[in-house]
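What follows is a short report on a single structure.
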Amino acid sequence: MKHTLTDLEGVYANAVAAGIKADGLDLAYIHVPNAVSCAGVFTQHKFSASSVSYTKRCIKHNILKAIVINSGNANAVTGKQGQLDTKTIAKNVASKLNIHSSQVGVASTGIIGKKLPMKKVEQGLTELLSKQNPKNAEAVSRAILTTDLVSKTTFIEKKVGKKTISIAGITKGSGMIAPNMATTLGFLVTNASLPQDVLQRGLNAAVKVSYNMVSVDTDTSTNDMLLCFATGQYKISSTDKLSLDSFQDALNIAAIDLAKQIVKDGEGATKLIQVDVVNAVSVQMAQKMAKLVIDSPLVKTAIHGEDPNWGRIVMAIGKDTSIKLNPEKVSIKIGDFTIFSKGSPVNFDRTDLKKELAKSTIFIIIDCAIGNANATAWGCDLTKGYIDINTDYN
């Protein structure tokens, strides 16, 4: 049986259909009443939603004990009314959970520029919070979806010292994915006990190798938010580097798992693309190069068409003048096929390579041969399905 968020002790969750969307679950919450810390990473979008600015303020001065999430309406670029609606939701949930409103985060996802149907939201919250200590994380993973085709969950267990630490999470995202912090929405819970500043550093580090290394369409959402709650069950000393490194490794694995599920479910996607840049001059350069490849519409359409056009990969990694690269040393592989070696084309069997490109996961390896830094990024192909989904979205 698949483990979920609510398999962790002291974690409660539920979801209902409030009518914000035309059909299906669309209003949910996660409650960690004894949370000892909570970390968050948020969109840097200039038009960030009121839920983002509100939750950022709360987490700066408080430990969040709950997050309430709605889908179907982003409540972004909705002016002062949108801000008031966000605060009203937080106060409503706080009163029902008997906590302060500054301990309740709010997250929204959906169409930008439309006001929330507050009557439906408030009626939905009454139903949502009527059940005591619900353990329904699976419903929450479905309630947060918009154009996603599948729910996205993870559950990681890792030995940290003598303790078995668990990290569980859910996320959503399918389009408007090229995060500048995290992704559309994501929620993690761990049974570890860590100070808030230590957990925040850990989440920041995990985001750099996961959510910030995926791309569906090069667009960043107004509502991006990733939170991580710590229940406090197992204490990890903030001076025990070995244990902190083990916890960080587990957090990275959980975040990468969720991030990869997002691009695999990218709008209209038929293929997952993994780009590994190796032997670059720095991690930052390797990351930038990998993102250039997965962001490229020409690379993405070539992969979709199963076209072994390595010139598009060369174009992508060479177009940014800030990239430190010696073209005469670069080699490129697709799967096990070397297609470009030390700055020169390599003869390869196009029929065999097309078979490689027919697979559901495509691996591109770029060897810079000028350093020892590596990075990995994930993306998806670009298809007509992406256009259809986004022209029909409203």
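Residue numbering restarts at 1 in every chain; chains get A, B, ... in the order shown in the structure tokens, and ligands count up from 1 in that same order.
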DSSP on the backbone: what in region 58-260 of chain A comes out strand (DSSP E or B), as a compact mmCIF listing (two decimals) with N, CA and C atoms, in the first residue's frame?
# COMPACT_ATOMS: atom_id res chain seq x y z
N ALA A 66 -0.87 24.93 9.69
CA ALA A 66 -1.81 24.44 8.70
C ALA A 66 -1.65 25.22 7.40
N ILE A 67 -2.07 24.58 6.32
CA ILE A 67 -2.16 25.24 5.02
C ILE A 67 -3.49 24.86 4.40
N VAL A 68 -4.21 25.86 3.90
CA VAL A 68 -5.47 25.61 3.20
C VAL A 68 -5.25 25.94 1.72
N ILE A 69 -5.72 25.06 0.84
CA ILE A 69 -5.42 25.16 -0.58
C ILE A 69 -6.70 25.10 -1.39
N ASN A 70 -6.82 26.00 -2.37
CA ASN A 70 -7.92 25.87 -3.33
C ASN A 70 -7.36 25.77 -4.74
N SER A 71 -8.06 25.03 -5.59
CA SER A 71 -7.69 24.96 -7.01
C SER A 71 -8.86 25.50 -7.84
N GLY A 72 -8.57 25.83 -9.10
CA GLY A 72 -9.60 26.35 -9.98
C GLY A 72 -9.64 27.87 -10.04
N ASN A 73 -8.94 28.54 -9.12
CA ASN A 73 -8.91 30.00 -9.09
C ASN A 73 -7.64 30.43 -8.37
N VAL A 104 -1.76 29.96 9.85
CA VAL A 104 -2.44 29.29 8.74
C VAL A 104 -1.94 29.88 7.42
N GLY A 105 -1.30 29.06 6.61
CA GLY A 105 -0.91 29.49 5.28
C GLY A 105 -2.07 29.30 4.31
N VAL A 106 -2.03 30.05 3.22
CA VAL A 106 -3.06 29.94 2.18
C VAL A 106 -2.36 29.76 0.83
N ALA A 107 -2.86 28.82 0.04
CA ALA A 107 -2.31 28.58 -1.30
C ALA A 107 -3.47 28.47 -2.29
N SER A 108 -3.28 29.04 -3.46
CA SER A 108 -4.31 28.99 -4.50
C SER A 108 -3.67 28.67 -5.84
N THR A 109 -4.43 28.02 -6.71
CA THR A 109 -3.93 27.73 -8.06
C THR A 109 -5.11 27.66 -9.02
N GLY A 110 -4.89 28.14 -10.23
CA GLY A 110 -5.96 28.13 -11.21
C GLY A 110 -5.89 29.35 -12.11
N ILE A 111 -7.03 29.84 -12.53
CA ILE A 111 -7.10 30.94 -13.48
C ILE A 111 -6.75 32.27 -12.80
N LYS A 135 -7.64 11.76 7.98
CA LYS A 135 -6.40 11.23 7.42
C LYS A 135 -6.63 10.94 5.94
N LYS A 152 0.41 13.66 -7.77
CA LYS A 152 1.86 13.47 -7.64
C LYS A 152 2.23 13.41 -6.16
N THR A 153 2.78 12.30 -5.73
CA THR A 153 3.10 12.09 -4.32
C THR A 153 4.47 11.45 -4.18
N THR A 154 5.03 11.58 -2.99
CA THR A 154 6.29 10.90 -2.69
C THR A 154 6.31 10.51 -1.21
N PHE A 155 7.07 9.49 -0.90
CA PHE A 155 7.26 9.08 0.49
C PHE A 155 8.65 8.46 0.59
N ILE A 156 9.52 9.11 1.35
CA ILE A 156 10.92 8.68 1.46
C ILE A 156 11.22 8.33 2.91
N GLU A 157 11.90 7.21 3.13
CA GLU A 157 12.40 6.84 4.45
C GLU A 157 13.91 6.67 4.37
N LYS A 158 14.61 7.23 5.36
CA LYS A 158 16.07 7.16 5.36
C LYS A 158 16.59 7.11 6.78
N LYS A 159 17.60 6.30 6.98
CA LYS A 159 18.24 6.19 8.29
C LYS A 159 19.11 7.43 8.51
N VAL A 160 18.81 8.15 9.56
CA VAL A 160 19.61 9.31 9.95
C VAL A 160 20.09 9.04 11.37
N LYS A 163 17.92 6.83 13.85
CA LYS A 163 16.49 7.06 13.63
C LYS A 163 16.13 6.86 12.15
N THR A 164 14.91 6.44 11.90
CA THR A 164 14.39 6.38 10.53
C THR A 164 13.52 7.61 10.30
N ILE A 165 14.03 8.50 9.47
CA ILE A 165 13.34 9.74 9.17
C ILE A 165 12.46 9.54 7.93
N SER A 166 11.24 10.04 8.01
CA SER A 166 10.32 9.97 6.87
C SER A 166 10.08 11.37 6.33
N ILE A 167 9.95 11.46 5.00
CA ILE A 167 9.56 12.70 4.33
C ILE A 167 8.48 12.34 3.32
N ALA A 168 7.31 12.93 3.48
CA ALA A 168 6.20 12.68 2.56
C ALA A 168 5.82 13.98 1.89
N GLY A 169 5.30 13.89 0.67
CA GLY A 169 4.95 15.11 -0.03
C GLY A 169 3.94 14.92 -1.13
N ILE A 170 3.30 16.02 -1.50
CA ILE A 170 2.43 16.07 -2.66
C ILE A 170 2.78 17.33 -3.45
N THR A 171 2.46 17.33 -4.72
CA THR A 171 2.71 18.52 -5.52
C THR A 171 1.73 18.55 -6.67
N LYS A 172 1.66 19.69 -7.34
CA LYS A 172 0.87 19.81 -8.55
C LYS A 172 1.63 20.69 -9.52
N LEU A 185 2.56 24.38 -6.84
CA LEU A 185 2.31 24.15 -5.42
C LEU A 185 2.95 22.84 -5.00
N GLY A 186 3.53 22.82 -3.80
CA GLY A 186 4.10 21.60 -3.25
C GLY A 186 4.10 21.65 -1.74
N PHE A 187 3.83 20.50 -1.11
CA PHE A 187 3.75 20.44 0.35
C PHE A 187 4.45 19.18 0.84
N LEU A 188 5.43 19.38 1.72
CA LEU A 188 6.21 18.29 2.30
C LEU A 188 6.04 18.29 3.81
N VAL A 189 6.08 17.10 4.38
CA VAL A 189 6.09 16.96 5.84
C VAL A 189 7.14 15.93 6.22
N THR A 190 7.92 16.24 7.24
CA THR A 190 8.90 15.29 7.76
C THR A 190 8.66 15.07 9.25
N ASN A 191 8.97 13.87 9.73
CA ASN A 191 8.82 13.60 11.17
C ASN A 191 10.07 13.97 11.95
N ALA A 192 10.99 14.70 11.31
CA ALA A 192 12.20 15.17 11.98
C ALA A 192 11.88 16.39 12.85
N SER A 193 12.80 16.70 13.76
CA SER A 193 12.73 17.92 14.55
C SER A 193 13.96 18.75 14.24
N VAL A 214 13.61 22.06 -13.39
CA VAL A 214 12.62 21.49 -14.32
C VAL A 214 11.99 22.60 -15.16
N SER A 215 11.52 22.20 -16.33
CA SER A 215 10.86 23.17 -17.20
C SER A 215 9.89 22.46 -18.13
N MET A 225 4.56 28.03 -4.75
CA MET A 225 4.78 27.91 -3.30
C MET A 225 5.16 26.47 -2.96
N LEU A 226 6.21 26.32 -2.18
CA LEU A 226 6.61 25.01 -1.66
C LEU A 226 6.82 25.16 -0.16
N LEU A 227 6.11 24.35 0.63
CA LEU A 227 6.23 24.39 2.08
C LEU A 227 6.72 23.05 2.60
N CYS A 228 7.44 23.08 3.71
CA CYS A 228 7.87 21.86 4.38
C CYS A 228 7.63 22.02 5.89
N PHE A 229 6.81 21.12 6.45
CA PHE A 229 6.50 21.11 7.88
C PHE A 229 7.34 20.03 8.57
N ALA A 230 7.77 20.30 9.80
CA ALA A 230 8.46 19.30 10.62
C ALA A 230 7.61 18.99 11.85
N THR A 231 7.26 17.72 12.03
CA THR A 231 6.38 17.34 13.14
C THR A 231 7.11 17.27 14.48
N GLY A 232 8.44 17.13 14.45
CA GLY A 232 9.21 17.14 15.69
C GLY A 232 9.37 15.81 16.38
N GLN A 233 9.05 14.72 15.70
CA GLN A 233 9.10 13.41 16.35
C GLN A 233 10.52 12.95 16.65
N TYR A 234 11.44 13.18 15.70
CA TYR A 234 12.82 12.72 15.87
C TYR A 234 13.79 13.90 15.75
N LYS A 235 14.47 14.18 16.83
CA LYS A 235 15.36 15.35 16.87
C LYS A 235 16.65 15.08 16.08
TODO: Excluding region 358-370 of chain A and any residue of its chain fewer than 6 positions from it, enumerate the residues within 7 Å of it, using only C-alpha atoms, and give them as a PyMOL selection string.
DONE: chain A and resi 270-281+306+325+329-335
Atoms kept (N, CA, C and O atoms) for selection, written as a short mmCIF file (atom, residue, chain, number, x, y, z; two decimals), in the first residue's frame:
data_model
loop_
_atom_site.label_atom_id
_atom_site.label_comp_id
_atom_site.auth_asym_id
_atom_site.auth_seq_id
_atom_site.Cartn_x
_atom_site.Cartn_y
_atom_site.Cartn_z
N THR A 270 4.61 13.82 -24.07
CA THR A 270 4.67 12.38 -24.33
C THR A 270 6.01 11.79 -23.92
O THR A 270 6.16 10.58 -23.86
N LYS A 271 7.00 12.67 -23.63
CA LYS A 271 8.32 12.18 -23.27
C LYS A 271 8.92 13.01 -22.12
O LYS A 271 8.75 14.23 -22.08
N LEU A 272 9.62 12.33 -21.24
CA LEU A 272 10.44 12.99 -20.20
C LEU A 272 11.85 13.13 -20.75
O LEU A 272 12.41 12.17 -21.29
N ILE A 273 12.42 14.31 -20.61
CA ILE A 273 13.78 14.56 -21.08
C ILE A 273 14.67 14.83 -19.88
O ILE A 273 14.38 15.71 -19.07
N GLN A 274 15.75 14.08 -19.76
CA GLN A 274 16.74 14.34 -18.70
C GLN A 274 18.03 14.80 -19.36
O GLN A 274 18.56 14.13 -20.25
N VAL A 275 18.53 15.95 -18.92
CA VAL A 275 19.77 16.51 -19.45
C VAL A 275 20.82 16.51 -18.34
O VAL A 275 20.63 17.14 -17.30
N ASP A 276 21.90 15.79 -18.58
CA ASP A 276 23.03 15.76 -17.64
C ASP A 276 24.19 16.52 -18.25
O ASP A 276 24.67 16.17 -19.35
N VAL A 277 24.64 17.56 -17.56
CA VAL A 277 25.84 18.29 -17.98
C VAL A 277 26.96 17.88 -17.03
O VAL A 277 26.82 17.99 -15.80
N VAL A 278 28.05 17.39 -17.58
CA VAL A 278 29.16 16.90 -16.76
C VAL A 278 30.45 17.62 -17.12
O VAL A 278 30.61 18.14 -18.22
N ASN A 279 31.35 17.67 -16.13
CA ASN A 279 32.69 18.24 -16.31
C ASN A 279 32.65 19.69 -16.78
O ASN A 279 33.44 20.11 -17.63
N ALA A 280 31.72 20.44 -16.20
CA ALA A 280 31.63 21.88 -16.47
C ALA A 280 32.55 22.63 -15.50
O ALA A 280 33.05 22.07 -14.52
N VAL A 281 32.71 23.92 -15.74
CA VAL A 281 33.64 24.71 -14.92
C VAL A 281 33.06 25.00 -13.54
O VAL A 281 33.80 25.20 -12.57
N GLU A 306 11.03 12.87 -32.70
CA GLU A 306 12.03 11.79 -32.75
C GLU A 306 13.05 12.04 -33.86
O GLU A 306 13.46 11.14 -34.59
N LEU A 325 32.67 27.83 -21.97
CA LEU A 325 32.66 26.61 -22.75
C LEU A 325 33.74 26.67 -23.81
O LEU A 325 34.00 27.74 -24.37
N LYS A 329 36.06 21.05 -27.15
CA LYS A 329 36.15 19.97 -26.16
C LYS A 329 34.80 19.30 -25.88
O LYS A 329 34.75 18.28 -25.20
N VAL A 330 33.72 19.87 -26.38
CA VAL A 330 32.38 19.38 -26.04
C VAL A 330 32.04 18.08 -26.76
O VAL A 330 32.29 17.93 -27.97
N SER A 331 31.44 17.14 -26.01
CA SER A 331 30.90 15.90 -26.58
C SER A 331 29.45 15.75 -26.13
O SER A 331 29.09 16.17 -25.02
N ILE A 332 28.62 15.16 -26.99
CA ILE A 332 27.20 15.01 -26.68
C ILE A 332 26.75 13.59 -26.99
O ILE A 332 27.10 13.02 -28.03
N LYS A 333 25.95 13.03 -26.07
CA LYS A 333 25.36 11.71 -26.28
C LYS A 333 23.85 11.80 -26.11
O LYS A 333 23.36 12.58 -25.30
N ILE A 334 23.13 11.00 -26.87
CA ILE A 334 21.72 10.76 -26.63
C ILE A 334 21.59 9.29 -26.29
O ILE A 334 21.85 8.43 -27.13
N GLY A 335 21.23 9.01 -25.04
CA GLY A 335 21.27 7.63 -24.57
C GLY A 335 22.68 7.10 -24.65
O GLY A 335 23.63 7.75 -24.18
#
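For Gly19 (chain A), the residues within 9 Å (counting only C-alpha atoms, excluding itself and residues fewer than 5 positions away along the chain) are Gly24, Leu25, Asp26, Leu27, Pro117, Lys120, Val121 and Gly124 of chain A.
The nearest approach to Leu258 (chain A) among the residues A:Thr351, A:Ser151, A:Thr218, A:Ile20, with only C-alpha atoms taken into account, belongs to A:Ser151.
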Of A:Glu356, A:Ser296, A:Ala39, A:Ser344, the one sitting nearest Gly202 (chain A) when using only C-alpha atoms is A:Ala39
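Closest approach to Thr383 (chain A) among A:Asp352, A:Thr321, A:Val346, A:Val299 is made by A:Val299 (distances from only C-alpha atoms).
From CA of Asp224 (chain A) back to CA of His45 (chain A), the distance works out to 8.6 Å.
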Give me, as a compact mmCIF listing (two decimals) with all heavy atoms, in the first residue's frame, all polymer residues having an atom no more than 10 Å from Met289 (chain A), counting only C-alpha atoms and skipping those fewer than 2 positions away in the same chain.
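This is the output file selection.txt:
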# COMPACT_ATOMS: atom_id res chain seq x y z
N VAL A 275 18.53 15.95 -18.92
CA VAL A 275 19.77 16.51 -19.45
C VAL A 275 20.82 16.51 -18.34
O VAL A 275 20.63 17.14 -17.30
CB VAL A 275 19.57 17.94 -19.98
CG1 VAL A 275 20.89 18.50 -20.49
CG2 VAL A 275 18.52 17.96 -21.09
N ASP A 276 21.90 15.79 -18.58
CA ASP A 276 23.03 15.76 -17.64
C ASP A 276 24.19 16.52 -18.25
O ASP A 276 24.67 16.17 -19.35
CB ASP A 276 23.47 14.32 -17.35
CG ASP A 276 22.42 13.53 -16.59
OD1 ASP A 276 22.15 13.89 -15.44
OD2 ASP A 276 21.87 12.57 -17.15
N VAL A 277 24.64 17.56 -17.56
CA VAL A 277 25.84 18.29 -17.98
C VAL A 277 26.96 17.88 -17.03
O VAL A 277 26.82 17.99 -15.80
CB VAL A 277 25.62 19.81 -17.93
CG1 VAL A 277 26.92 20.55 -18.24
CG2 VAL A 277 24.53 20.21 -18.93
N ALA A 280 31.72 20.44 -16.20
CA ALA A 280 31.63 21.88 -16.47
C ALA A 280 32.55 22.63 -15.50
O ALA A 280 33.05 22.07 -14.52
CB ALA A 280 30.20 22.35 -16.32
N VAL A 283 29.15 24.42 -10.92
CA VAL A 283 27.78 23.90 -10.83
C VAL A 283 26.81 24.89 -11.46
O VAL A 283 25.86 24.50 -12.17
CB VAL A 283 27.40 23.62 -9.36
CG1 VAL A 283 25.92 23.29 -9.23
CG2 VAL A 283 28.25 22.47 -8.80
N GLN A 284 27.01 26.18 -11.21
CA GLN A 284 26.11 27.20 -11.75
C GLN A 284 26.10 27.16 -13.28
O GLN A 284 25.03 27.27 -13.90
CB GLN A 284 26.53 28.60 -11.26
CG GLN A 284 26.30 28.87 -9.80
CD GLN A 284 27.33 28.17 -8.89
OE1 GLN A 284 28.40 27.74 -9.34
NE2 GLN A 284 27.00 28.07 -7.61
N MET A 285 27.28 27.01 -13.87
CA MET A 285 27.35 26.92 -15.34
C MET A 285 26.69 25.65 -15.85
O MET A 285 25.98 25.66 -16.86
CB MET A 285 28.82 26.97 -15.80
CG MET A 285 29.46 28.33 -15.67
SD MET A 285 28.73 29.54 -16.80
CE MET A 285 29.39 31.06 -16.11
N ALA A 286 26.91 24.55 -15.14
CA ALA A 286 26.31 23.28 -15.54
C ALA A 286 24.79 23.37 -15.47
O ALA A 286 24.08 22.90 -16.38
CB ALA A 286 26.83 22.15 -14.66
N GLN A 287 24.27 23.98 -14.40
CA GLN A 287 22.83 24.13 -14.25
C GLN A 287 22.25 25.01 -15.36
O GLN A 287 21.20 24.70 -15.95
CB GLN A 287 22.50 24.73 -12.88
CG GLN A 287 22.72 23.77 -11.72
CD GLN A 287 22.44 24.40 -10.38
OE1 GLN A 287 22.68 25.60 -10.17
NE2 GLN A 287 21.93 23.63 -9.45
N LYS A 291 19.53 23.81 -18.22
CA LYS A 291 18.24 24.49 -18.38
C LYS A 291 18.08 25.06 -19.79
O LYS A 291 16.95 25.08 -20.33
CB LYS A 291 18.10 25.61 -17.34
CG LYS A 291 17.84 25.15 -15.92
CD LYS A 291 16.49 24.48 -15.75
CE LYS A 291 15.31 25.41 -15.87
NZ LYS A 291 15.17 26.37 -14.76
N LEU A 292 19.16 25.54 -20.41
CA LEU A 292 19.07 26.05 -21.77
C LEU A 292 18.56 24.98 -22.73
O LEU A 292 17.78 25.26 -23.63
CB LEU A 292 20.44 26.54 -22.25
CG LEU A 292 20.92 27.90 -21.70
CD1 LEU A 292 22.39 28.11 -22.04
CD2 LEU A 292 20.07 29.04 -22.27
N VAL A 293 18.99 23.75 -22.50
CA VAL A 293 18.59 22.65 -23.37
C VAL A 293 17.12 22.28 -23.15
O VAL A 293 16.34 22.19 -24.10
CB VAL A 293 19.48 21.41 -23.18
CG1 VAL A 293 18.99 20.23 -24.03
CG2 VAL A 293 20.93 21.75 -23.55
N ILE A 294 16.71 22.11 -21.90
CA ILE A 294 15.33 21.68 -21.66
C ILE A 294 14.33 22.81 -21.90
O ILE A 294 13.14 22.56 -22.09
CB ILE A 294 15.12 21.09 -20.24
CG1 ILE A 294 15.40 22.12 -19.15
CG2 ILE A 294 15.93 19.83 -20.06
CD1 ILE A 294 14.85 21.72 -17.81
N ASP A 295 14.81 24.06 -21.91
CA ASP A 295 13.93 25.19 -22.20
C ASP A 295 13.70 25.40 -23.70
O ASP A 295 12.75 26.06 -24.10
CB ASP A 295 14.50 26.49 -21.63
CG ASP A 295 14.24 26.66 -20.14
OD1 ASP A 295 13.38 25.94 -19.61
OD2 ASP A 295 14.90 27.50 -19.51
N ALA A 316 21.43 25.35 -28.40
CA ALA A 316 20.92 25.71 -27.07
C ALA A 316 22.05 26.01 -26.09
O ALA A 316 21.98 26.99 -25.34
CB ALA A 316 20.03 24.60 -26.54
N ILE A 317 23.09 25.18 -26.07
CA ILE A 317 24.14 25.37 -25.07
C ILE A 317 25.11 26.49 -25.45
O ILE A 317 25.85 27.00 -24.61
CB ILE A 317 24.93 24.07 -24.80
CG1 ILE A 317 25.67 23.59 -26.06
CG2 ILE A 317 24.02 22.99 -24.26
CD1 ILE A 317 26.54 22.37 -25.81
N GLY A 318 25.10 26.92 -26.72
CA GLY A 318 26.06 27.93 -27.15
C GLY A 318 25.49 29.33 -27.28
O GLY A 318 26.24 30.28 -27.53
N LYS A 319 24.17 29.50 -27.05
CA LYS A 319 23.57 30.81 -27.34
C LYS A 319 23.73 31.83 -26.22
O LYS A 319 23.51 33.02 -26.43
CB LYS A 319 22.10 30.64 -27.70
CG LYS A 319 21.21 30.16 -26.56
CD LYS A 319 19.78 29.94 -27.05
CE LYS A 319 18.88 29.41 -25.95
NZ LYS A 319 17.51 29.16 -26.44
N ASP A 320 24.08 31.37 -25.03
CA ASP A 320 24.22 32.28 -23.89
C ASP A 320 25.70 32.67 -23.76
O ASP A 320 26.56 31.82 -23.47
CB ASP A 320 23.74 31.58 -22.61
CG ASP A 320 23.69 32.51 -21.41
OD1 ASP A 320 24.48 33.47 -21.36
OD2 ASP A 320 22.88 32.26 -20.50
N ILE A 323 27.99 31.62 -20.71
CA ILE A 323 28.42 30.24 -20.49
C ILE A 323 29.91 30.09 -20.81
O ILE A 323 30.38 30.50 -21.88
CB ILE A 323 27.61 29.27 -21.40
CG1 ILE A 323 26.14 29.25 -20.99
CG2 ILE A 323 28.20 27.86 -21.36
CD1 ILE A 323 25.85 28.55 -19.70
N LYS A 324 30.64 29.51 -19.86
CA LYS A 324 32.07 29.23 -20.09
C LYS A 324 32.19 27.85 -20.72
O LYS A 324 31.88 26.83 -20.09
CB LYS A 324 32.84 29.30 -18.77
CG LYS A 324 32.89 30.71 -18.19
CD LYS A 324 33.69 30.78 -16.91
CE LYS A 324 33.72 32.21 -16.36
NZ LYS A 324 34.46 32.29 -15.09
N LEU A 325 32.67 27.83 -21.97
CA LEU A 325 32.66 26.61 -22.75
C LEU A 325 33.74 26.67 -23.81
O LEU A 325 34.00 27.74 -24.37
CB LEU A 325 31.28 26.48 -23.43
CG LEU A 325 30.79 25.13 -23.89
CD1 LEU A 325 30.62 24.18 -22.70
CD2 LEU A 325 29.46 25.28 -24.62
N ILE A 366 25.82 15.93 -21.89
CA ILE A 366 26.73 16.92 -22.46
C ILE A 366 28.00 16.96 -21.62
O ILE A 366 27.95 17.32 -20.45
CB ILE A 366 26.06 18.31 -22.51
CG1 ILE A 366 24.78 18.27 -23.33
CG2 ILE A 366 27.04 19.35 -23.06
CD1 ILE A 366 23.85 19.43 -23.09
N ALA A 375 25.50 18.81 -13.28
CA ALA A 375 24.13 19.21 -12.95
C ALA A 375 23.17 18.43 -13.83
O ALA A 375 23.52 17.99 -14.93
CB ALA A 375 23.93 20.71 -13.16
N THR A 376 21.94 18.27 -13.31
CA THR A 376 20.90 17.57 -14.05
C THR A 376 19.64 18.42 -14.09
O THR A 376 19.28 19.06 -13.10
CB THR A 376 20.57 16.22 -13.39
OG1 THR A 376 21.76 15.42 -13.35
CG2 THR A 376 19.50 15.46 -14.17
N ALA A 377 18.99 18.43 -15.24
CA ALA A 377 17.71 19.13 -15.40
C ALA A 377 16.73 18.20 -16.10
O ALA A 377 17.13 17.28 -16.81
CB ALA A 377 17.89 20.42 -16.19
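Restricting the calculation to only C-alpha atoms, the smallest distance between Asp240 (chain A) and any of A:Val52, A:Ala17, A:Leu125, A:Val198 is found for A:Val198.
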Write out as a compact mmCIF listing (two decimals) with N, CA and C atoms, in the first residue's frame the residues lying within 12 Å of Lys65 (chain A), counting only C-alpha atoms and excluding same-chain residues fewer than 4 positions away.
# COMPACT_ATOMS: atom_id res chain seq x y z
N GLY A 10 0.62 12.66 13.59
CA GLY A 10 0.36 14.08 13.85
C GLY A 10 0.14 14.91 12.60
N VAL A 11 -0.20 14.25 11.48
CA VAL A 11 -0.48 14.98 10.24
C VAL A 11 -1.91 14.64 9.79
N TYR A 12 -2.71 15.66 9.57
CA TYR A 12 -4.12 15.46 9.21
C TYR A 12 -4.41 16.23 7.93
N ALA A 13 -5.34 15.70 7.12
CA ALA A 13 -5.63 16.35 5.84
C ALA A 13 -7.00 15.90 5.33
N TYR A 29 -7.05 21.00 2.98
CA TYR A 29 -6.13 21.53 3.99
C TYR A 29 -5.24 20.42 4.52
N ILE A 30 -4.09 20.84 5.02
CA ILE A 30 -3.15 19.97 5.73
C ILE A 30 -2.92 20.61 7.09
N HIS A 31 -3.02 19.81 8.14
CA HIS A 31 -2.91 20.33 9.51
C HIS A 31 -1.85 19.55 10.25
N VAL A 32 -0.86 20.27 10.76
CA VAL A 32 0.22 19.67 11.56
C VAL A 32 0.22 20.41 12.90
N PRO A 33 -0.68 20.06 13.80
CA PRO A 33 -0.91 20.87 15.02
C PRO A 33 0.31 21.03 15.91
N ASN A 34 1.20 20.04 15.89
CA ASN A 34 2.38 20.11 16.76
C ASN A 34 3.65 20.42 15.98
N ALA A 35 3.51 21.04 14.83
CA ALA A 35 4.69 21.38 14.02
C ALA A 35 5.69 22.21 14.84
N VAL A 36 6.96 21.81 14.75
CA VAL A 36 8.01 22.54 15.49
C VAL A 36 8.72 23.55 14.59
N SER A 37 8.55 23.40 13.28
CA SER A 37 9.12 24.36 12.33
C SER A 37 8.44 24.19 10.99
N CYS A 38 8.55 25.23 10.17
CA CYS A 38 7.98 25.19 8.83
C CYS A 38 8.81 26.10 7.93
N ALA A 39 9.20 25.59 6.78
CA ALA A 39 10.00 26.36 5.82
C ALA A 39 9.20 26.56 4.55
N THR A 55 1.25 34.27 3.00
CA THR A 55 1.92 33.13 3.63
C THR A 55 3.39 33.43 3.90
N CYS A 58 3.51 35.34 7.11
CA CYS A 58 3.22 34.46 8.26
C CYS A 58 4.44 33.62 8.63
N ILE A 59 5.07 33.04 7.64
CA ILE A 59 6.17 32.11 7.91
C ILE A 59 7.42 32.84 8.39
N ALA A 90 -7.94 32.50 5.89
CA ALA A 90 -7.03 32.14 6.99
C ALA A 90 -7.72 32.27 8.35
N VAL A 93 -10.30 29.38 8.83
CA VAL A 93 -9.65 28.10 9.17
C VAL A 93 -9.07 28.14 10.57
N ALA A 94 -8.45 29.25 10.93
CA ALA A 94 -7.84 29.38 12.25
C ALA A 94 -8.86 29.22 13.37
N LEU A 97 -9.77 25.60 13.72
CA LEU A 97 -8.69 24.74 14.22
C LEU A 97 -8.17 25.22 15.58
N ASN A 98 -8.72 26.34 16.04
CA ASN A 98 -8.34 26.90 17.34
C ASN A 98 -6.86 27.29 17.38
N ILE A 99 -6.40 27.93 16.31
CA ILE A 99 -5.05 28.47 16.26
C ILE A 99 -5.13 29.91 15.76
N HIS A 100 -4.01 30.62 15.75
CA HIS A 100 -4.00 32.01 15.28
C HIS A 100 -3.96 32.03 13.76
N SER A 101 -4.56 33.04 13.16
CA SER A 101 -4.60 33.12 11.70
C SER A 101 -3.21 33.24 11.09
N SER A 102 -2.25 33.77 11.85
CA SER A 102 -0.87 33.86 11.35
C SER A 102 -0.18 32.51 11.32
N GLN A 103 -0.83 31.48 11.84
CA GLN A 103 -0.29 30.12 11.78
C GLN A 103 -0.93 29.30 10.66
N VAL A 104 -1.76 29.96 9.85
CA VAL A 104 -2.44 29.29 8.74
C VAL A 104 -1.94 29.88 7.42
N GLY A 105 -1.30 29.06 6.61
CA GLY A 105 -0.91 29.49 5.28
C GLY A 105 -2.07 29.30 4.31
N VAL A 106 -2.03 30.05 3.22
CA VAL A 106 -3.06 29.94 2.18
C VAL A 106 -2.36 29.76 0.83
N VAL A 189 6.08 17.10 4.38
CA VAL A 189 6.09 16.96 5.84
C VAL A 189 7.14 15.93 6.22
N LEU A 227 6.11 24.35 0.63
CA LEU A 227 6.23 24.39 2.08
C LEU A 227 6.72 23.05 2.60
N CYS A 228 7.44 23.08 3.71
CA CYS A 228 7.87 21.86 4.38
C CYS A 228 7.63 22.02 5.89
N PHE A 229 6.81 21.12 6.45
CA PHE A 229 6.50 21.11 7.88
C PHE A 229 7.34 20.03 8.57
N ALA A 230 7.77 20.30 9.80
CA ALA A 230 8.46 19.30 10.62
C ALA A 230 7.61 18.99 11.85
N THR A 231 7.26 17.72 12.03
CA THR A 231 6.38 17.34 13.14
C THR A 231 7.11 17.27 14.48
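In terms of minimum interatomic distance to Thr222 (chain A), A:Val77 ranks closest within A:Leu382, A:Ala206, A:Ala18, A:Val77, counting only C-alpha atoms.
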Legend entry - Near-Ala15 (chain A) list (6 Å; only C-alpha atoms; drop same-chain fewer than 3 positions) as a PyMOL selection string: chain A and resi 27-28+139-140
